[in-house]
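Asker: So here's work25.cif, just mmCIF, C-alpha atoms:
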```cif
data_start
#
loop_
_atom_site.label_atom_id
_atom_site.label_comp_id
_atom_site.auth_asym_id
_atom_site.auth_seq_id
_atom_site.Cartn_x
_atom_site.Cartn_y
_atom_site.Cartn_z
CA MET A 3 68.48 -36.76 59.28
CA ILE A 4 65.82 -37.25 56.65
CA ASN A 5 62.34 -36.48 57.92
CA PHE A 6 60.13 -39.07 56.18
CA ASP A 7 56.99 -37.96 58.03
CA LEU A 8 57.37 -34.50 56.54
CA LEU A 9 57.79 -35.99 53.06
CA LEU A 10 54.65 -38.10 53.51
CA LYS A 11 52.75 -34.98 54.60
CA TYR A 12 53.81 -33.04 51.50
CA TYR A 13 53.61 -35.88 48.98
CA PRO A 14 50.64 -34.36 47.05
CA LEU A 15 52.78 -31.32 46.23
CA LEU A 16 55.70 -33.51 45.16
CA LEU A 17 53.38 -35.68 43.07
CA ALA A 18 51.95 -32.63 41.31
CA GLY A 19 55.52 -31.54 40.61
CA VAL A 20 56.37 -34.96 39.16
CA VAL A 21 53.36 -34.79 36.83
CA THR A 22 54.36 -31.31 35.61
CA SER A 23 58.01 -32.33 35.17
CA LEU A 24 56.99 -35.38 33.13
CA GLN A 25 54.60 -33.24 31.11
CA ILE A 26 57.43 -30.84 30.26
CA ALA A 27 59.87 -33.67 29.46
CA PHE A 28 57.57 -35.71 27.22
CA MET A 29 55.84 -32.80 25.48
CA SER A 30 59.13 -31.08 24.74
CA CYS A 31 60.60 -34.40 23.63
CA THR A 32 57.69 -34.79 21.20
CA ILE A 33 58.24 -31.27 19.82
CA GLY A 34 61.98 -31.89 19.72
CA THR A 35 61.58 -35.22 17.90
CA ILE A 36 59.22 -33.80 15.27
CA ILE A 37 61.28 -30.66 14.54
CA GLY A 38 64.58 -32.50 15.06
CA THR A 39 63.54 -35.14 12.52
CA GLY A 40 62.74 -32.44 9.98
CA LEU A 41 66.06 -30.72 10.66
CA GLY A 42 67.93 -34.02 10.50
CA ILE A 43 66.39 -34.85 7.11
CA VAL A 44 67.27 -31.36 5.84
CA LEU A 45 70.85 -31.70 7.15
CA ALA A 46 71.20 -35.09 5.43
CA GLY A 47 69.68 -33.74 2.21
CA LYS A 48 71.11 -31.88 -0.76
CA ASN A 49 69.28 -28.53 -0.55
CA LYS A 50 72.14 -26.20 0.38
CA VAL A 51 69.97 -23.20 1.36
CA ALA A 52 67.73 -25.28 3.65
CA LYS A 53 70.83 -26.94 5.07
CA LEU A 54 72.37 -23.56 5.86
CA PHE A 55 69.25 -22.48 7.78
CA ALA A 56 69.18 -25.77 9.69
CA GLN A 57 72.87 -25.46 10.57
CA ALA A 58 72.36 -21.85 11.71
CA TYR A 59 69.43 -22.92 13.93
CA VAL A 60 71.47 -25.72 15.49
CA SER A 61 74.44 -23.39 16.09
CA ILE A 62 72.31 -20.69 17.75
CA ILE A 63 70.51 -23.15 20.03
CA ARG A 64 73.64 -25.06 20.95
CA GLY A 65 75.59 -21.86 21.51
CA THR A 66 73.23 -20.28 24.04
CA PRO A 67 72.24 -21.48 27.54
CA MET A 68 68.87 -23.17 27.90
CA LEU A 69 68.01 -20.89 30.82
CA ILE A 70 68.30 -17.87 28.51
CA GLN A 71 66.17 -19.65 25.88
CA ILE A 72 63.44 -20.41 28.44
CA MET A 73 63.33 -16.85 29.74
CA GLY A 74 63.73 -15.41 26.26
CA THR A 75 60.78 -17.37 24.84
CA TYR A 76 58.56 -16.46 27.80
CA PHE A 77 59.33 -12.74 27.94
CA ILE A 78 59.61 -12.18 24.18
CA LEU A 79 56.21 -13.82 23.59
CA ARG A 80 54.75 -11.70 26.41
CA SER A 81 56.30 -8.51 24.97
CA PHE A 82 54.49 -9.30 21.69
CA GLY A 83 51.24 -9.51 23.65
CA ILE A 84 51.00 -13.30 23.54
CA PRO A 85 49.93 -14.30 27.06
CA ILE A 86 51.23 -17.84 26.82
CA PRO A 87 51.05 -19.87 30.06
CA ALA A 88 54.46 -20.38 31.66
CA LEU A 89 54.14 -24.17 31.35
CA TRP A 90 53.62 -24.03 27.57
CA SER A 91 56.35 -21.47 27.15
CA ALA A 92 58.73 -23.82 28.95
CA ILE A 93 57.57 -26.82 26.86
CA ILE A 94 58.10 -24.89 23.61
CA SER A 95 61.51 -23.50 24.50
CA ILE A 96 62.82 -26.81 25.87
CA GLY A 97 61.33 -28.60 22.82
CA LEU A 98 63.04 -26.19 20.41
CA ASN A 99 66.31 -26.68 22.29
CA SER A 100 65.89 -30.46 22.17
CA ALA A 101 65.20 -30.29 18.41
CA ALA A 102 68.70 -28.91 17.77
CA TYR A 103 70.35 -31.77 19.63
CA LEU A 104 68.01 -34.44 18.25
CA SER A 105 68.64 -33.22 14.69
CA GLN A 106 72.24 -34.38 15.11
CA THR A 107 71.02 -37.76 16.39
CA ILE A 108 68.66 -38.14 13.43
CA LEU A 109 71.41 -37.04 11.03
CA THR A 110 73.77 -39.68 12.46
CA GLY A 111 70.99 -42.27 12.18
CA ILE A 112 70.29 -41.43 8.53
CA THR A 113 73.96 -41.43 7.57
CA SER A 114 74.41 -44.80 9.32
CA VAL A 115 72.16 -46.38 6.68
CA GLY A 116 74.26 -47.55 3.74
CA LYS A 117 74.18 -45.76 0.38
CA GLY A 118 73.13 -49.05 -1.21
CA GLN A 119 69.82 -48.95 0.66
CA PHE A 120 68.96 -45.54 -0.80
CA GLU A 121 69.96 -46.76 -4.26
CA ALA A 122 67.94 -49.98 -4.01
CA ALA A 123 64.90 -47.97 -2.91
CA LYS A 124 65.33 -45.51 -5.79
CA ALA A 125 65.85 -48.30 -8.32
CA LEU A 126 62.62 -49.93 -7.11
CA GLY A 127 60.75 -46.65 -7.59
CA PHE A 128 60.32 -45.43 -4.00
CA SER A 129 59.94 -41.65 -3.68
CA SER A 130 62.32 -39.77 -1.37
CA ALA A 131 59.64 -39.55 1.35
CA GLN A 132 58.81 -43.27 1.00
CA THR A 133 62.52 -44.12 1.18
CA ILE A 134 62.86 -42.20 4.45
CA ARG A 135 59.62 -43.63 5.88
CA TYR A 136 59.90 -47.30 4.91
CA ILE A 137 63.60 -47.96 4.36
CA VAL A 138 65.80 -45.44 6.16
CA PHE A 139 64.01 -44.77 9.46
CA PRO A 140 63.32 -48.40 10.40
CA GLN A 141 67.07 -49.00 10.05
CA ALA A 142 68.24 -45.66 11.48
CA ILE A 143 66.11 -46.09 14.61
CA ARG A 144 68.67 -48.57 15.95
CA SER A 145 71.31 -45.88 16.23
CA ILE A 146 68.77 -43.17 17.13
CA LEU A 147 67.21 -44.91 20.16
CA PRO A 148 70.22 -44.88 22.52
CA ASN A 149 70.67 -41.13 21.93
CA LEU A 150 66.93 -40.54 22.26
CA GLU A 151 67.07 -42.27 25.64
CA SER A 152 69.83 -39.89 26.78
CA GLU A 153 67.81 -36.95 25.48
CA ILE A 154 64.67 -37.94 27.44
CA VAL A 155 66.76 -38.38 30.60
CA THR A 156 68.33 -34.95 30.02
CA LEU A 157 64.90 -33.42 29.42
CA ILE A 158 63.52 -34.82 32.69
CA LYS A 159 66.42 -33.19 34.52
CA ASP A 160 66.29 -29.98 32.45
CA SER A 161 62.57 -29.62 33.17
CA SER A 162 63.72 -28.20 36.53
CA LEU A 163 64.88 -25.07 34.65
CA ALA A 164 61.22 -24.23 33.98
CA SER A 165 61.00 -23.10 37.62
CA ILE A 166 62.77 -19.88 36.55
CA ILE A 167 59.56 -18.65 34.89
CA GLY A 168 57.38 -19.88 37.72
CA VAL A 169 56.31 -23.32 36.51
CA TYR A 170 55.39 -25.55 39.45
CA GLU A 171 57.43 -28.54 38.43
CA LEU A 172 59.18 -30.85 40.89
CA THR A 173 62.08 -28.57 41.88
CA GLN A 174 59.78 -25.56 42.29
CA GLN A 175 57.40 -27.59 44.47
CA GLY A 176 60.41 -28.58 46.55
CA GLN A 177 61.30 -24.91 47.02
CA ILE A 178 57.75 -24.26 48.23
CA ILE A 179 57.96 -27.12 50.75
CA ILE A 180 61.35 -25.82 51.96
CA SER A 181 59.93 -22.33 52.42
CA GLN A 182 57.24 -23.80 54.65
CA THR A 183 59.31 -26.38 56.59
CA TYR A 184 62.93 -25.13 56.41
CA ASP A 185 63.96 -28.80 56.08
CA THR A 186 66.24 -28.43 53.07
CA PRO A 187 68.10 -31.80 53.35
CA SER A 188 64.92 -33.90 53.51
CA VAL A 189 63.29 -32.11 50.57
CA TYR A 190 66.37 -32.20 48.32
CA PHE A 191 66.92 -35.85 49.23
CA ALA A 192 63.34 -36.64 48.20
CA ILE A 193 63.55 -34.61 44.98
CA GLY A 194 66.87 -36.19 44.02
CA LEU A 195 65.47 -39.66 44.67
CA ILE A 196 62.38 -38.92 42.54
CA TYR A 197 64.50 -37.64 39.61
CA LEU A 198 66.70 -40.74 39.88
CA THR A 199 63.63 -43.02 39.88
CA LEU A 200 62.18 -41.26 36.84
CA THR A 201 65.40 -41.34 34.82
CA THR A 202 66.13 -44.97 35.76
CA THR A 203 62.60 -45.98 34.71
CA VAL A 204 63.05 -44.26 31.33
CA THR A 205 66.45 -45.94 30.89
CA ILE A 206 64.98 -49.39 31.60
CA LEU A 207 61.97 -48.85 29.29
CA MET A 208 64.15 -47.55 26.45
CA SER A 209 66.58 -50.46 26.87
CA LEU A 210 63.67 -52.89 26.53
CA LEU A 211 62.49 -51.08 23.40
CA ASN A 212 66.03 -51.07 22.04
CA LYS A 213 66.32 -54.83 22.58
CA LYS A 214 63.00 -55.43 20.83
CA ILE A 215 64.02 -53.34 17.81
CA ASN A 216 67.48 -54.87 17.61
CA TYR A 217 66.09 -58.40 17.80
CA HIS A 218 66.45 -58.95 14.04
CA ALA A 219 69.73 -57.10 13.56
CA MET B 22 63.99 -51.84 -28.74
CA LEU B 23 66.21 -50.11 -26.19
CA SER B 24 68.55 -47.61 -27.72
CA LEU B 25 71.48 -45.83 -26.08
CA LYS B 26 72.96 -43.07 -28.21
CA ASN B 27 76.19 -41.19 -27.50
CA ILE B 28 76.02 -41.56 -23.71
CA SER B 29 78.80 -39.79 -21.77
CA LYS B 30 79.45 -39.22 -18.09
CA HIS B 31 82.21 -37.55 -16.04
CA PHE B 32 83.04 -38.08 -12.38
CA GLN B 33 85.18 -35.26 -10.99
CA ASN B 34 86.66 -34.35 -14.39
CA LYS B 35 87.30 -38.00 -15.23
CA LEU B 36 85.47 -39.28 -18.28
CA VAL B 37 84.02 -42.63 -17.13
CA VAL B 38 81.58 -43.24 -20.00
CA ASP B 39 82.76 -41.94 -23.35
CA ASP B 40 80.21 -41.65 -26.15
CA VAL B 41 78.72 -45.13 -25.73
CA SER B 42 75.97 -46.23 -28.13
CA PHE B 43 74.23 -49.56 -28.62
CA ASP B 44 70.80 -50.98 -29.38
CA VAL B 45 69.17 -53.93 -27.62
CA GLN B 46 66.25 -55.99 -28.90
CA LEU B 47 63.62 -57.56 -26.66
CA GLY B 48 64.87 -60.87 -25.30
CA GLU B 49 68.49 -59.98 -25.97
CA ILE B 50 71.27 -60.33 -23.41
CA ILE B 51 73.97 -57.68 -23.46
CA VAL B 52 77.19 -58.21 -21.57
CA LEU B 53 79.33 -55.20 -20.76
CA LEU B 54 82.70 -56.80 -20.22
CA GLY B 55 85.80 -55.19 -18.80
CA LYS B 56 87.96 -54.52 -15.80
CA SER B 57 86.74 -52.60 -12.76
CA GLY B 58 86.38 -48.87 -13.37
CA VAL B 59 85.88 -48.97 -17.14
CA GLY B 60 82.36 -47.56 -16.91
CA LYS B 61 80.24 -50.74 -17.08
CA SER B 62 78.39 -50.15 -13.81
CA THR B 63 77.96 -46.45 -14.59
CA ILE B 64 76.04 -47.35 -17.75
CA LEU B 65 73.72 -49.56 -15.67
CA ARG B 66 73.32 -46.79 -13.10
CA ILE B 67 72.43 -44.29 -15.84
CA LEU B 68 69.83 -46.72 -17.20
CA THR B 69 68.36 -47.21 -13.73
CA GLY B 70 68.23 -43.46 -13.07
CA LEU B 71 70.79 -43.57 -10.25
CA GLU B 72 73.09 -41.35 -12.33
CA SER B 73 72.27 -38.86 -15.04
CA ASN B 74 73.89 -38.88 -18.46
CA GLU B 75 75.56 -35.63 -19.51
CA SER B 76 74.98 -36.18 -23.19
CA GLY B 77 73.16 -38.54 -25.51
CA SER B 78 69.78 -40.15 -25.22
CA ILE B 79 68.14 -43.35 -24.02
CA THR B 80 64.94 -44.44 -25.76
CA PHE B 81 62.68 -47.45 -25.60
CA ASN B 82 60.78 -48.09 -28.83
CA ASP B 83 61.76 -44.56 -29.95
CA LEU B 84 60.14 -42.99 -26.88
CA PRO B 85 61.81 -41.74 -23.67
CA LEU B 86 62.52 -44.59 -21.27
CA PRO B 87 59.34 -45.02 -19.16
CA ALA B 88 59.65 -44.75 -15.38
CA GLN B 89 59.94 -48.09 -13.59
CA SER B 90 60.80 -49.94 -16.80
CA VAL B 91 64.33 -50.76 -15.62
CA GLY B 92 65.06 -53.11 -12.72
CA MET B 93 68.45 -53.46 -11.09
CA VAL B 94 70.08 -56.35 -9.28
CA PHE B 95 73.01 -54.87 -7.38
CA GLN B 96 76.40 -56.44 -6.87
CA GLU B 97 75.87 -56.39 -3.08
CA PHE B 98 72.16 -57.25 -3.53
CA ASN B 99 71.12 -54.34 -1.24
CA LEU B 100 68.27 -56.27 0.36
CA PHE B 101 66.45 -54.35 3.08
CA PRO B 102 67.81 -55.88 6.32
CA HIS B 103 64.86 -54.85 8.51
CA LEU B 104 62.37 -56.71 6.31
CA THR B 105 61.83 -60.43 5.82
CA VAL B 106 62.42 -62.02 2.44
CA GLU B 107 58.70 -61.83 1.65
CA GLU B 108 58.43 -58.22 2.85
CA ASN B 109 61.41 -57.26 0.68
CA ILE B 110 59.23 -58.23 -2.27
CA THR B 111 55.82 -57.08 -1.04
CA LEU B 112 56.80 -53.59 0.23
CA PRO B 113 57.74 -52.14 -3.22
CA LEU B 114 54.72 -53.87 -4.75
CA GLN B 115 52.40 -52.20 -2.25
CA LYS B 116 54.03 -48.79 -1.94
CA VAL B 117 55.26 -48.27 -5.50
CA ALA B 118 53.18 -50.52 -7.75
CA GLY B 119 49.99 -49.90 -5.77
CA LYS B 120 49.11 -53.57 -5.19
CA THR B 121 46.97 -54.57 -2.25
CA GLU B 122 48.54 -56.59 0.55
CA VAL B 123 46.87 -59.77 -0.70
CA GLU B 124 47.92 -59.19 -4.33
CA ALA B 125 51.49 -58.39 -3.27
CA GLN B 126 51.70 -61.52 -1.11
CA GLU B 127 50.39 -63.65 -3.95
CA ILE B 128 53.01 -62.31 -6.35
CA ALA B 129 55.73 -62.71 -3.73
CA ARG B 130 54.76 -66.30 -2.93
CA THR B 131 54.72 -67.26 -6.61
CA LEU B 132 58.18 -65.76 -7.14
CA LEU B 133 59.54 -67.31 -3.94
CA ALA B 134 58.31 -70.71 -5.11
CA THR B 135 59.93 -70.17 -8.53
CA TYR B 136 63.23 -69.29 -6.87
CA GLU B 137 62.97 -72.10 -4.30
CA LEU B 138 62.81 -69.64 -1.43
CA THR B 139 59.46 -70.56 0.09
CA ALA B 140 61.12 -71.92 3.23
CA GLN B 141 62.99 -68.62 3.68
CA ALA B 142 59.93 -66.37 3.19
CA HIS B 143 59.93 -65.21 6.81
CA ALA B 144 63.69 -65.15 7.29
CA TYR B 145 65.66 -61.92 7.50
CA PRO B 146 68.40 -61.30 4.90
CA HIS B 147 71.27 -61.81 7.37
CA LYS B 148 70.18 -65.44 7.75
CA LEU B 149 70.55 -66.17 4.01
CA SER B 150 73.48 -67.52 2.01
CA GLY B 151 74.96 -65.46 -0.85
CA GLY B 152 73.06 -67.47 -3.44
CA GLN B 153 69.77 -67.11 -1.57
CA LYS B 154 70.30 -63.36 -1.19
CA GLN B 155 70.87 -63.05 -4.90
CA ARG B 156 67.72 -65.01 -5.71
CA VAL B 157 65.75 -62.71 -3.40
CA ALA B 158 67.27 -59.70 -5.18
CA PHE B 159 66.18 -61.17 -8.54
CA ALA B 160 62.70 -61.95 -7.21
CA ARG B 161 62.30 -58.46 -5.69
CA THR B 162 63.32 -56.78 -8.94
CA LEU B 163 61.27 -59.05 -11.21
CA ALA B 164 58.18 -58.62 -9.03
CA MET B 165 58.04 -55.03 -10.31
CA GLN B 166 57.79 -56.39 -13.88
CA PRO B 167 60.59 -54.38 -15.48
CA LYS B 168 61.10 -54.47 -19.25
CA ILE B 169 64.85 -54.15 -18.84
CA LEU B 170 66.85 -55.96 -16.18
CA CYS B 171 70.30 -54.67 -15.26
CA CYS B 172 72.62 -56.88 -13.24
CA ASP B 173 75.83 -55.47 -11.80
CA GLU B 174 78.47 -58.18 -11.36
CA PRO B 175 75.80 -60.81 -10.70
CA THR B 176 78.25 -63.57 -9.88
CA SER B 177 80.87 -61.71 -7.85
CA ALA B 178 79.54 -62.98 -4.52
CA LEU B 179 78.83 -66.51 -5.72
CA ASP B 180 80.84 -69.70 -6.00
CA PRO B 181 81.40 -71.21 -9.49
CA MET B 182 78.61 -73.77 -9.01
CA LEU B 183 76.08 -70.98 -8.62
CA THR B 184 77.41 -69.08 -11.64
CA SER B 185 75.84 -71.61 -14.02
CA THR B 186 72.55 -71.35 -12.10
CA VAL B 187 72.61 -67.59 -12.62
CA ALA B 188 73.42 -68.04 -16.32
CA GLN B 189 70.46 -70.42 -16.69
CA GLU B 190 68.18 -67.99 -14.93
CA ILE B 191 69.30 -65.08 -17.11
CA ASN B 192 68.81 -67.17 -20.27
CA LYS B 193 65.33 -68.08 -19.09
CA LEU B 194 64.39 -64.45 -18.39
CA ALA B 195 65.65 -63.38 -21.83
CA GLN B 196 63.53 -66.10 -23.44
CA GLN B 197 60.54 -64.53 -21.69
CA GLY B 198 61.26 -61.32 -23.62
CA LEU B 199 63.13 -59.32 -21.01
CA ILE B 200 66.08 -57.18 -22.10
CA ILE B 201 69.04 -58.14 -19.91
CA ILE B 202 72.13 -55.98 -19.51
CA LEU B 203 74.95 -57.37 -17.41
CA ALA B 204 78.10 -55.66 -16.22
CA THR B 205 80.68 -58.27 -15.44
CA HIS B 206 84.29 -59.32 -15.65
CA ASP B 207 83.30 -62.97 -15.11
CA THR B 208 84.22 -64.69 -18.36
CA GLU B 209 82.79 -68.02 -17.15
CA LEU B 210 79.35 -66.46 -17.03
CA ILE B 211 79.39 -65.27 -20.66
CA LYS B 212 80.46 -68.69 -21.91
CA GLN B 213 77.12 -70.05 -20.68
CA MET B 214 74.85 -67.53 -22.36
CA ALA B 215 73.75 -66.56 -25.85
CA CYS B 216 74.63 -62.90 -25.65
CA THR B 217 76.09 -59.83 -27.30
CA ILE B 218 79.40 -58.85 -25.77
CA TYR B 219 80.79 -55.32 -25.57
CA LEU B 220 84.32 -55.05 -24.26
CA MET B 221 84.90 -51.72 -22.55
CA LYS B 222 88.05 -49.78 -21.80
CA HIS B 223 88.42 -46.20 -20.52
CA GLY B 224 84.65 -45.70 -20.80
CA LYS B 225 84.49 -46.73 -24.47
CA ILE B 226 83.30 -49.87 -26.22
CA ILE B 227 86.46 -51.09 -27.93
CA GLU B 228 85.18 -54.36 -29.40
CA ALA B 229 81.82 -56.04 -29.92
CA THR B 230 80.64 -59.49 -30.92
CA THR B 231 78.17 -62.20 -30.02
CA SER B 232 79.00 -65.24 -27.91
CA GLU B 233 78.26 -67.41 -30.98
CA GLN B 234 80.65 -65.52 -33.25
CA LEU B 235 83.30 -65.49 -30.56
CA MET B 236 83.09 -69.25 -30.28
CA LYS B 237 83.29 -69.72 -34.08
CA ASN B 238 86.07 -67.29 -34.80
CA PRO B 239 87.83 -66.04 -31.65
CA GLU B 240 90.84 -64.72 -33.59
CA LYS B 241 88.64 -62.09 -35.18
CA TYR B 242 88.07 -60.51 -31.72
CA PRO B 243 91.55 -60.27 -30.21
CA PHE B 244 90.70 -57.99 -27.29
CA ILE B 245 87.74 -60.07 -26.14
CA LYS B 246 89.64 -63.30 -26.73
CA ASN B 247 92.52 -62.04 -24.66
CA PHE B 248 90.20 -60.89 -21.89
CA THR B 249 88.29 -64.16 -21.75
CA GLN B 250 91.54 -66.08 -21.64
CA GLY B 251 92.58 -64.31 -18.48
CA GLY B 252 94.47 -61.35 -19.91
CA THR B 253 93.22 -57.81 -19.87
CA SER B 254 92.14 -55.49 -22.62
CA ASP B 255 95.22 -53.42 -21.74
CA THR B 256 97.77 -55.93 -22.95
CA THR B 257 96.19 -56.39 -26.35
CA ASN B 258 95.50 -52.73 -26.83
CA ASN B 259 99.12 -51.64 -26.57
#
```
Let's see the structure in the file written out as structure tokens.

Answerer:
Amino acid sequence: MINFDLLLKYYPLLLAGVVTSLQIAFMSCTIGTIIGTGLGIVLAGKNKVAKLFAQAYVSIIRGTPMLIQIMGTYFILRSFGIPIPALWSAIISIGLNSAAYLSQTILTGITSVGKGQFEAAKALGFSSAQTIRYIVFPQAIRSILPNLESEIVTLIKDSSLASIIGVYELTQQGQIIISQTYDTPSVYFAIGLIYLTLTTTVTILMSLLNKKINYHA
Amino acid sequence: MLSLKNISKHFQNKLVVDDVSFDVQLGEIIVLLGKSGVGKSTILRILTGLESNESGSITFNDLPLPAQSVGMVFQEFNLFPHLTVEENITLPLQKVAGKTEVEAQEIARTLLATYELTAQAHAYPHKLSGGQKQRVAFARTLAMQPKILCCDEPTSALDPMLTSTVAQEINKLAQQGLIIILATHDTELIKQMACTIYLMKHGKIIEATTSEQLMKNPEKYPFIKNFTQGGTSDTTNN
């Protein structure tokens, strides 16, 4: 049976966990989007050397488990004498991981824009940066948004991996409550329900945004 | 005067433009005539800077072609689908030509009125007919005040009724002093313009005349005559 009284008693801990989980998800998504956009532009570009580096980065990140990346970032930074807080270490490592995946989303978005659009922009005198900013991205965003939505949902769930380096996110807070109450089913039920609520909310919000952007398509 | 001298271009070992040279005076209309794949569009793309020429030179009044002096109306128009008709015109004016929002809107509204597109100013390109899209493409290009206007197959997406409208518009622009260079295989279009015609085959200009001379003495230009009568330059060149 689910003990709702127990959950009500421990809700401040769960709430603090939710805040930390959302912090990890959205901060790492921001890092991932910024770096992923840069990587995506490089991958869509013509500079072969830069492209090779970007491809190598994507291959390394995609070819290693995120858990290893989280622990690696934390302990490597510490071994270099950088006492980075566990939360920020988790945000950076998850953000860098997200960048590799988002670079592919951005690349797909850029390549979905017709060659004629690039040519029209060039013929009108737009610089490469202006073409990306004013012509390509506003069109590419339509194919980027659905994948970005999946990425944010994944990041909310993956934020639980930050518990491995001692970040008090939702799953870790759940473990603490379990260690005090021994009521594993109630706590995992509550945590699962919270994750589902968060991911469903993101899905609904992104769908609304998607509809708004696709209004003129 | 625009001057192209000994322009050549390969695509994957295939010579698509072969030592092409011609001069164009201000207000002159040049028609590059020929079948698909003879190098007409490539010459326009070289002029616009979308392709580079491997050899030869392009000068304008004996100086290198200035940046932004060539405008291009594409065969598929290439309007920006995420922008309204008015924004398609104002965005390049603001971001490239450095106009203020008010100045850009003023220029756009004047051009939209000229091209009878005022009612469509806030419509998105997918709501426009082929003819309207083309007029927007003309307006967007002309807003940037090019000295040379290149049009790639300007009538390919239009019905015959609209072809004469395009011809009138091109004549009018030439009278205003613009250099116009068209790549087309539409022989109806060239019958309605005072122009210089270059017939192209395998990347080379194989025959040249003016529309006036062609009308007076068509027999003197067998390749062009054959092409305009529905044949191809191939049949007469064998």

Asker: Identify all residues satisfying the PyMOL selection byres ((chain B) within 8 of (chain A)) in the given file; provide them as number ranges by chain.

Answerer: B: 69-71, 89, 91-93, 95, 99-103, 113, 116-117, 145, 147, 162, 165

Asker: Could you tell me which residues the PyMOL selection byres ((chain B and resi 23) around 10) returns for this structure, as a short mmCIF file (atom, residue, chain, number, x, y, z; two decimals) with C-alpha atoms, keeping the file's coordinate frame?

Answerer:
```
data_model
loop_
_atom_site.label_atom_id
_atom_site.label_comp_id
_atom_site.auth_asym_id
_atom_site.auth_seq_id
_atom_site.Cartn_x
_atom_site.Cartn_y
_atom_site.Cartn_z
CA MET B 22 63.99 -51.84 -28.74
CA SER B 24 68.55 -47.61 -27.72
CA LEU B 25 71.48 -45.83 -26.08
CA LYS B 26 72.96 -43.07 -28.21
CA PHE B 43 74.23 -49.56 -28.62
CA ASP B 44 70.80 -50.98 -29.38
CA VAL B 45 69.17 -53.93 -27.62
CA GLN B 46 66.25 -55.99 -28.90
CA LEU B 47 63.62 -57.56 -26.66
CA ILE B 79 68.14 -43.35 -24.02
CA THR B 80 64.94 -44.44 -25.76
CA PHE B 81 62.68 -47.45 -25.60
CA ASN B 82 60.78 -48.09 -28.83
CA ASP B 83 61.76 -44.56 -29.95
CA LEU B 84 60.14 -42.99 -26.88
CA PRO B 85 61.81 -41.74 -23.67
CA LEU B 86 62.52 -44.59 -21.27
CA LYS B 168 61.10 -54.47 -19.25
CA ILE B 169 64.85 -54.15 -18.84
CA ILE B 200 66.08 -57.18 -22.10
#
```

Asker: For atom CA of B:Thr105 and atom CA of B:Pro146, quote the distance in Å rounded to one decimal.

Answerer: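 Atom-to-atom, atom CA of B:Thr105 and atom CA of B:Pro146 are spaced 6.7 Å apart.
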
Asker: Can you work out the spacing between atom CA of A:Phe139 and atom CA of B:Pro167 in Å, to one decimal?

Answerer: 26.9 Å

Asker: Between A:Ser91, A:Asn49, A:Gln25, A:Thr35, which is the closest to A:Gly168 once you count only C-alpha atoms?

Answerer: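 Answer, going by the shortest atom-to-atom distance: A:Ser91.
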
Asker: Check the smallest atom-to-atom distance from each of B:Met182, B:Leu54, B:Gly224, B:Met214 to B:Phe32 using only C-alpha atoms, then report the winner.

Answerer: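 Of B:Met182, B:Leu54, B:Gly224, B:Met214, the one nearest B:Phe32 is B:Gly224, counting only C-alpha atoms.
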
Asker: I'd like to see the residues matched by the PyMOL selection byres ((chain A and resi 191-197) around 12) on this file, and ideally I'd get them as a ChimeraX atom specification.

Answerer: /A:3-10,12-13,15-17,19-21,23-24,27,155-162,171-177,179-180,185-190,198-204

Asker: From the set A:Val115, A:Lys214, A:Thr183, A:Ser30, which residue has the shortest atom-to-atom contact distance to A:Leu89, counting all atoms listed in the file?

Answerer: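 With all atoms listed in the file as the atom set, the closest residue is A:Ser30.
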
Asker: Point out the residue among A:Leu147, A:Met73, A:Ile96, A:Leu109 with the least atom-to-atom distance to A:Met29, counting only C-alpha atoms.

Answerer: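 Residue with the minimum atom-to-atom distance to A:Met29: A:Ile96.
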
Asker: Just how far from atom CA of B:Glu137 is atom CA of B:Ala215, in Å to one decimal?

Answerer: 24.7 Å

Asker: Would you mind listing what lies within 8 Å of B:Val94 as an MDAnalysis selection string, with all atoms listed in the file counted and same-chain residues fewer than 5 positions away left out?

Answerer: chainID B and resid 158:159 162 170:173 175
